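What follows is a single structure, written as structure tokens, with notes after it.
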Amino acid sequence: MCPSSQTSSEAPADLERRLSDLANLYEVARSLLGARDPDRVASRIVLATMGTLGARSGALYRADERGRLRLACHHPPEATQRGGVLRVERAAREWMLHEGAFALGGAAAARGLGALRDRLTGRHDAAVGAAIADRYGLAGLLLLGPRLLDDAFTPGDLALLDAIGGLATLALGSRAPDTGRRRSAAGTLAGLRSQHPALAAMVGESRAMLEACQDLVAVAGTRFPVLIMGESGVGKELAARAVHAISERAGGPFEVVDCGSIPRELIESELFGHVRGAFTGAHRDRKGAFELAHRGTLFLDEIGEMPLQLQTRLLRVLQEGRFRRVGAEEAVEADVRVVAATNRDLRAEVTARGFREDLFYRLNVFAIRIPPLRERPEDLALLVRHFLPRLARGSEWSVDRDALAALEAIEWPGNVRELANLCAALAVQTRGGGRVTLADLDAVWRRQHGEEPAPWRAAGAAAAASRGRLGEWALQQVRAERFNLVETARRLQRCKRAGDRVPVTERSALSYYVAGEILRALAESGGDAGAAARQVAGSAQLLARVTPRVTRLIEALRACRGDVAIARRRFAKLPAEYGTLLERAVRQAASR
């Protein structure tokens, strides 16, 4: 038989097998409908899988709240030791998660599972197994005994078993993130970094950074694609490298493709490679990023910039795990995990038909948002002390408090990258002296921004300089948290526990100081609510958060109807330094 006729005869058989697998998966899924009780779900999974693959027996283990695998179901029932706990070493867990579905009779299982293989074959007469994975790792284990007809399980059977394992994950549900050992191990950044040193590159101690790192650890142990979202300069590539280093692919390559910087006519070759003569200038065969990242991770930065035509091809590669070089005929297999990043709103891009909807849902299995610097101002000091010693010689650096307060007044549109560049300029400005003052910061700002006024020297800050010291300080703290008083109080309490001198930590006290500063702004603006709001906000970005506070305060003043005694009772907890301003504001409100 000639090769062409052989291929044409095999194609219908392959299609028939695929249709049969889909029908079997459909039947398994149907059998799970209506089951809510975990034991009933486990029983239906085992029975449906046994029927689909023709196995004599089956068992299912499920992870408990401490991550231990407990026997949930076995068929036939009399062949089991009910309630047994399966001890699984870390190396065996990682091997099963990597394999998905596997045969227990080969040398690969003996190496990957060690003594666990003998326990599975001895206790359950198991011939094949499939890992049930959720976002936290190994959530369960599905086992099947030998086939009724005594013939061996085929690679196609294992592929179907792997797909059934995915259905089992959905049917059983994901474990809760804050249970038992996970709560204590992953409750702090220090705990996460001790377990996963790769997270040391994610500098910060804020709650926002903790949540991002917890997400990175959770997704690293899975095989899913990852979508990292965040503004330019927040550290999306650092996050992608952390996912790679924590995952089972850490020993493999990590390749980076910047989809926004490569010309459209070259990006296809960059991703998939080309053969000699494929286009003008292709003088030799060249491997692409997918081929170079085999058994590793491919980081697609700014994927929102990828041309639509190439998005279609990328989707097919993600689905099939193989591709063709530009100009080639033979397919290349690629075992690659894709981590994509974007600073765009991809949902909006899908609506605007700038990004393929099917590719978006393929990548958006697990999305992680890296917070911008303005949302974690408590990390500023840590980042500055991280960058300065790396940029200039000197083992110790100090930053004056007024200089740190000035840094908190910046909106940081360029995020951590902008801060790193500023630190480089400060290292030069101070001649590596080891100390950064407000004068140094002023000099660097003038050099970089010319006549543009520094945020900490702007009109709002200049007016604040003439106010009572504690009121000025309180307003700066609240601005740093975008007028979220709850988060401000939490941050100040953490600073106080760390040994810093913090005069006010209570949310209620902060609210009265903010009210006092609004009264001061009203007095200085002659009762102009808009001007007062702009003065208190200090920047246009915060104006929308301040204006409602100003409006409510003016309404409360008007309700006093010019009676200072009523106003004093209503604002009894207002700090004494604002007493005169309160009287003035009450009279202003009554006259309008």
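FYI, nothing fancy with the structure tokens labels: chains A, B, ... in order, residues from 1 per chain, ligands from 1 as they appear.
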Helix (DSSP H, G or I) per DSSP on the backbone: members of stretch 323-523 of chain A, as an MDAnalysis selection string: chainID A and resid 346:351 357:363 373:375 377:391 401:408 415:429 438:449 455:457 459:465 469:480 485:497 507:523
message: Could you list, as a ChimeraX atom specification, every residue within 12 Å of stretch 557-570 of chain A, counting only C-alpha atoms and ignoring same-chain residues fewer than 2 positions away?
response: /A:512,515,518-519,522,527,550-555,572-576,578-592
Include N, CA and C atoms and write out the residues we just selected as a CSV table (one decimal), in the first residue's frame.
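Below you can see out28.csv, which holds the result:
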```
chain,number,residue,atom,x,y,z
A,512,TYR,N,-11.7,62.0,61.9
A,512,TYR,CA,-11.8,63.3,62.5
A,512,TYR,C,-10.7,64.2,62.0
A,515,ALA,N,-11.7,65.2,58.6
A,515,ALA,CA,-12.8,66.3,58.7
A,515,ALA,C,-12.2,67.6,59.0
A,518,ILE,N,-10.6,69.2,56.1
A,518,ILE,CA,-11.6,69.7,55.2
A,518,ILE,C,-12.1,71.0,55.7
A,519,LEU,N,-12.3,71.1,57.0
A,519,LEU,CA,-12.7,72.4,57.5
A,519,LEU,C,-11.6,73.5,57.2
A,522,LEU,N,-11.9,74.5,53.6
A,522,LEU,CA,-13.1,75.4,53.4
A,522,LEU,C,-12.8,76.8,53.9
A,527,GLY,N,-15.1,78.9,51.7
A,527,GLY,CA,-16.3,78.1,51.6
A,527,GLY,C,-16.6,77.5,50.2
A,550,VAL,N,-16.5,66.0,51.4
A,550,VAL,CA,-16.7,67.5,51.5
A,550,VAL,C,-18.2,67.8,51.5
A,551,THR,N,-18.9,67.2,50.6
A,551,THR,CA,-20.4,67.4,50.5
A,551,THR,C,-21.1,67.1,51.8
A,552,ARG,N,-20.8,65.9,52.3
A,552,ARG,CA,-21.4,65.5,53.6
A,552,ARG,C,-21.1,66.4,54.7
A,553,LEU,N,-19.9,66.8,54.8
A,553,LEU,CA,-19.5,67.7,55.9
A,553,LEU,C,-20.2,69.1,55.8
A,554,ILE,N,-20.3,69.6,54.6
A,554,ILE,CA,-21.0,70.9,54.4
A,554,ILE,C,-22.5,70.7,54.8
A,555,GLU,N,-23.1,69.6,54.4
A,555,GLU,CA,-24.5,69.3,54.8
A,555,GLU,C,-24.7,69.3,56.3
A,572,ALA,N,-18.0,66.7,68.6
A,572,ALA,CA,-17.3,66.7,69.9
A,572,ALA,C,-15.9,66.0,69.9
A,573,LYS,N,-15.7,65.1,69.0
A,573,LYS,CA,-14.4,64.4,69.0
A,573,LYS,C,-13.4,65.0,68.0
A,574,LEU,N,-13.8,66.2,67.5
A,574,LEU,CA,-12.9,66.9,66.6
A,574,LEU,C,-11.7,67.3,67.3
A,575,PRO,N,-10.5,67.1,66.9
A,575,PRO,CA,-9.3,67.6,67.6
A,575,PRO,C,-9.3,69.1,67.9
A,576,ALA,N,-8.8,69.5,69.1
A,576,ALA,CA,-8.9,70.8,69.6
A,576,ALA,C,-8.4,71.9,68.6
A,578,TYR,N,-8.8,72.3,65.7
A,578,TYR,CA,-9.8,72.7,64.6
A,578,TYR,C,-11.0,73.5,65.2
A,579,GLY,N,-10.9,73.8,66.5
A,579,GLY,CA,-12.1,74.5,67.1
A,579,GLY,C,-12.5,75.8,66.5
A,580,THR,N,-11.5,76.6,66.2
A,580,THR,CA,-11.7,77.9,65.6
A,580,THR,C,-12.2,77.8,64.2
A,581,LEU,N,-11.6,76.8,63.5
A,581,LEU,CA,-12.0,76.6,62.1
A,581,LEU,C,-13.5,76.1,62.0
A,582,LEU,N,-13.9,75.3,63.0
A,582,LEU,CA,-15.3,74.8,63.1
A,582,LEU,C,-16.3,76.0,63.2
A,583,GLU,N,-16.0,76.9,64.1
A,583,GLU,CA,-16.9,78.0,64.3
A,583,GLU,C,-17.0,78.8,63.0
A,584,ARG,N,-15.9,79.0,62.4
A,584,ARG,CA,-15.9,79.8,61.1
A,584,ARG,C,-16.6,79.1,60.0
A,585,ALA,N,-16.5,77.8,59.9
A,585,ALA,CA,-17.2,77.0,58.9
A,585,ALA,C,-18.7,77.0,59.1
A,586,VAL,N,-19.1,76.9,60.4
A,586,VAL,CA,-20.5,76.9,60.7
A,586,VAL,C,-21.2,78.2,60.3
A,587,ARG,N,-20.5,79.4,60.5
A,587,ARG,CA,-21.1,80.7,60.1
A,587,ARG,C,-21.1,80.8,58.6
A,588,GLN,N,-20.0,80.3,57.9
A,588,GLN,CA,-20.0,80.3,56.5
A,588,GLN,C,-21.1,79.6,55.9
A,589,ALA,N,-21.4,78.4,56.4
A,589,ALA,CA,-22.4,77.5,55.9
A,589,ALA,C,-23.8,78.1,56.1
A,590,ALA,N,-24.0,78.8,57.2
A,590,ALA,CA,-25.3,79.4,57.5
A,590,ALA,C,-25.6,80.6,56.6
A,591,SER,N,-24.5,81.3,56.2
A,591,SER,CA,-24.7,82.5,55.3
A,591,SER,C,-24.9,82.2,53.9
A,592,ARG,N,-24.7,81.0,53.5
A,592,ARG,CA,-24.8,80.6,52.0
A,592,ARG,C,-26.3,80.1,51.7
```
- prompt: In stretch 42-244 of chain A, what's strand (DSSP E) per DSSP? Answer as an NGL selection string?
  reply: :A and (58-63 or 69-75 or 85-86 or 101-103 or 128-134 or 137-144 or 226-229)
Selection above as a file: N, CA and C atoms, as a compact mmCIF listing (two decimals), in the first residue's frame:
```txt
# COMPACT_ATOMS: atom_id res chain seq x y z
N GLY A 58 -12.28 -0.65 40.54
CA GLY A 58 -11.89 0.76 40.53
C GLY A 58 -11.91 1.34 41.92
N ALA A 59 -11.15 2.40 42.12
CA ALA A 59 -11.10 3.06 43.43
C ALA A 59 -10.83 4.54 43.22
N LEU A 60 -11.25 5.34 44.19
CA LEU A 60 -11.00 6.79 44.13
C LEU A 60 -10.58 7.28 45.51
N TYR A 61 -9.45 7.95 45.55
CA TYR A 61 -8.98 8.62 46.75
C TYR A 61 -9.22 10.11 46.59
N ARG A 62 -9.55 10.77 47.70
CA ARG A 62 -9.78 12.21 47.66
C ARG A 62 -9.00 12.89 48.78
N ALA A 63 -8.40 14.06 48.49
CA ALA A 63 -7.62 14.79 49.49
C ALA A 63 -8.53 15.38 50.55
N LEU A 69 -4.52 11.84 51.18
CA LEU A 69 -5.44 11.12 50.30
C LEU A 69 -6.16 10.03 51.09
N ARG A 70 -7.49 10.16 51.19
CA ARG A 70 -8.33 9.18 51.90
C ARG A 70 -9.20 8.44 50.89
N LEU A 71 -9.38 7.15 51.13
CA LEU A 71 -10.18 6.33 50.24
C LEU A 71 -11.64 6.76 50.33
N ALA A 72 -12.21 7.19 49.19
CA ALA A 72 -13.61 7.63 49.16
C ALA A 72 -14.53 6.55 48.61
N CYS A 73 -14.02 5.70 47.72
CA CYS A 73 -14.89 4.70 47.09
C CYS A 73 -14.06 3.59 46.48
N HIS A 74 -14.60 2.36 46.53
CA HIS A 74 -13.97 1.23 45.85
C HIS A 74 -15.04 0.28 45.37
N HIS A 75 -14.87 -0.22 44.17
CA HIS A 75 -15.78 -1.23 43.62
C HIS A 75 -14.94 -2.38 43.07
N VAL A 85 -5.89 5.67 54.56
CA VAL A 85 -5.16 6.87 54.15
C VAL A 85 -3.95 6.42 53.33
N LEU A 86 -3.74 7.06 52.20
CA LEU A 86 -2.64 6.73 51.32
C LEU A 86 -1.51 7.73 51.52
N ALA A 101 -2.54 10.72 33.38
CA ALA A 101 -2.94 9.31 33.43
C ALA A 101 -1.71 8.46 33.16
N PHE A 102 -1.63 7.30 33.80
CA PHE A 102 -0.39 6.51 33.71
C PHE A 102 -0.70 5.03 33.94
N ALA A 103 0.15 4.20 33.37
CA ALA A 103 0.09 2.75 33.62
C ALA A 103 0.99 2.42 34.79
N VAL A 128 -3.97 0.92 36.08
CA VAL A 128 -3.75 2.29 35.59
C VAL A 128 -4.31 3.26 36.62
N GLY A 129 -3.87 4.51 36.53
CA GLY A 129 -4.36 5.54 37.44
C GLY A 129 -4.39 6.88 36.76
N ALA A 130 -5.09 7.83 37.36
CA ALA A 130 -5.16 9.19 36.84
C ALA A 130 -5.17 10.16 38.01
N ALA A 131 -4.32 11.20 37.92
CA ALA A 131 -4.29 12.24 38.94
C ALA A 131 -5.49 13.17 38.76
N ILE A 132 -6.12 13.51 39.88
CA ILE A 132 -7.19 14.51 39.89
C ILE A 132 -6.58 15.78 40.49
N ALA A 133 -6.42 16.81 39.68
CA ALA A 133 -5.68 17.99 40.11
C ALA A 133 -6.62 19.19 40.22
N ASP A 134 -6.42 19.97 41.28
CA ASP A 134 -7.09 21.26 41.37
C ASP A 134 -6.02 22.33 41.50
N GLY A 137 -2.96 21.53 43.78
CA GLY A 137 -2.11 20.37 43.59
C GLY A 137 -2.92 19.10 43.40
N LEU A 138 -2.50 18.02 44.04
CA LEU A 138 -3.14 16.71 43.88
C LEU A 138 -4.38 16.65 44.76
N ALA A 139 -5.56 16.67 44.13
CA ALA A 139 -6.82 16.66 44.87
C ALA A 139 -7.39 15.25 45.00
N GLY A 140 -6.88 14.31 44.25
CA GLY A 140 -7.41 12.96 44.32
C GLY A 140 -6.68 12.04 43.37
N LEU A 141 -7.06 10.75 43.43
CA LEU A 141 -6.42 9.73 42.60
C LEU A 141 -7.47 8.72 42.19
N LEU A 142 -7.60 8.49 40.89
CA LEU A 142 -8.55 7.53 40.33
C LEU A 142 -7.77 6.32 39.84
N LEU A 143 -8.17 5.11 40.30
CA LEU A 143 -7.46 3.88 39.96
C LEU A 143 -8.42 2.89 39.28
N LEU A 144 -7.88 2.13 38.34
CA LEU A 144 -8.64 1.06 37.70
C LEU A 144 -7.85 -0.23 37.74
N VAL A 226 -1.58 30.29 32.26
CA VAL A 226 -1.72 31.35 33.26
C VAL A 226 -1.78 32.69 32.54
N LEU A 227 -2.69 33.55 32.96
CA LEU A 227 -2.78 34.91 32.43
C LEU A 227 -2.45 35.88 33.55
N ILE A 228 -1.37 36.65 33.38
CA ILE A 228 -0.94 37.62 34.37
C ILE A 228 -1.31 39.01 33.87
N MET A 229 -2.09 39.72 34.66
CA MET A 229 -2.57 41.04 34.27
C MET A 229 -1.97 42.10 35.17
```
Could you give me, as a tab-separated table, a per-residue list for stretch 224-308 of chain A showing, wherever an atom lies at most 12 Å from an atom of stretch 365-369 of chain A, the closest pair of atoms and their distance in Å to one decimal, using only C-alpha atoms and sorting by chain then residue number from low to high?
```
residue	atom	partner	partner_atom	distance
A:Phe224	CA	A:Val365	CA	6.7
A:Pro225	CA	A:Val365	CA	6.5
A:Val226	CA	A:Phe366	CA	5.5
A:Leu227	CA	A:Ala367	CA	4.6
A:Ile228	CA	A:Ile368	CA	4.9
A:Met229	CA	A:Arg369	CA	4.7
A:Gly230	CA	A:Arg369	CA	5.7
A:Glu231	CA	A:Arg369	CA	9.2
A:Val234	CA	A:Arg369	CA	9.8
A:Gly235	CA	A:Arg369	CA	10.6
A:Lys236	CA	A:Arg369	CA	8.9
A:Ala239	CA	A:Ile368	CA	9.3
A:Ala240	CA	A:Ile368	CA	10.2
A:Val243	CA	A:Ile368	CA	11.0
```
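Minimum atom-to-atom distances from A:Ala409, A:Ile45, A:Leu422, A:Ile370 to A:Leu383 were compared using only C-alpha atoms, and the lowest value belongs to A:Leu422.
Shortest separation to A:Gly114 among A:Arg93, A:Arg344, A:Arg534, A:His98 occurs at residue A:Arg93, atoms counted being only C-alpha atoms.
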- request: Would you please work out which residue, of A:Val428, A:Leu318, A:Ala127, A:Leu167, is nearest to A:Ala443 when using only C-alpha atoms?
  value: A:Val428
query: Given the choices A:Val326, A:Leu485, A:Ala190, A:Ala523, which gets closest to A:Ala278 if the distance is worked out from only C-alpha atoms?
result: A:Val326
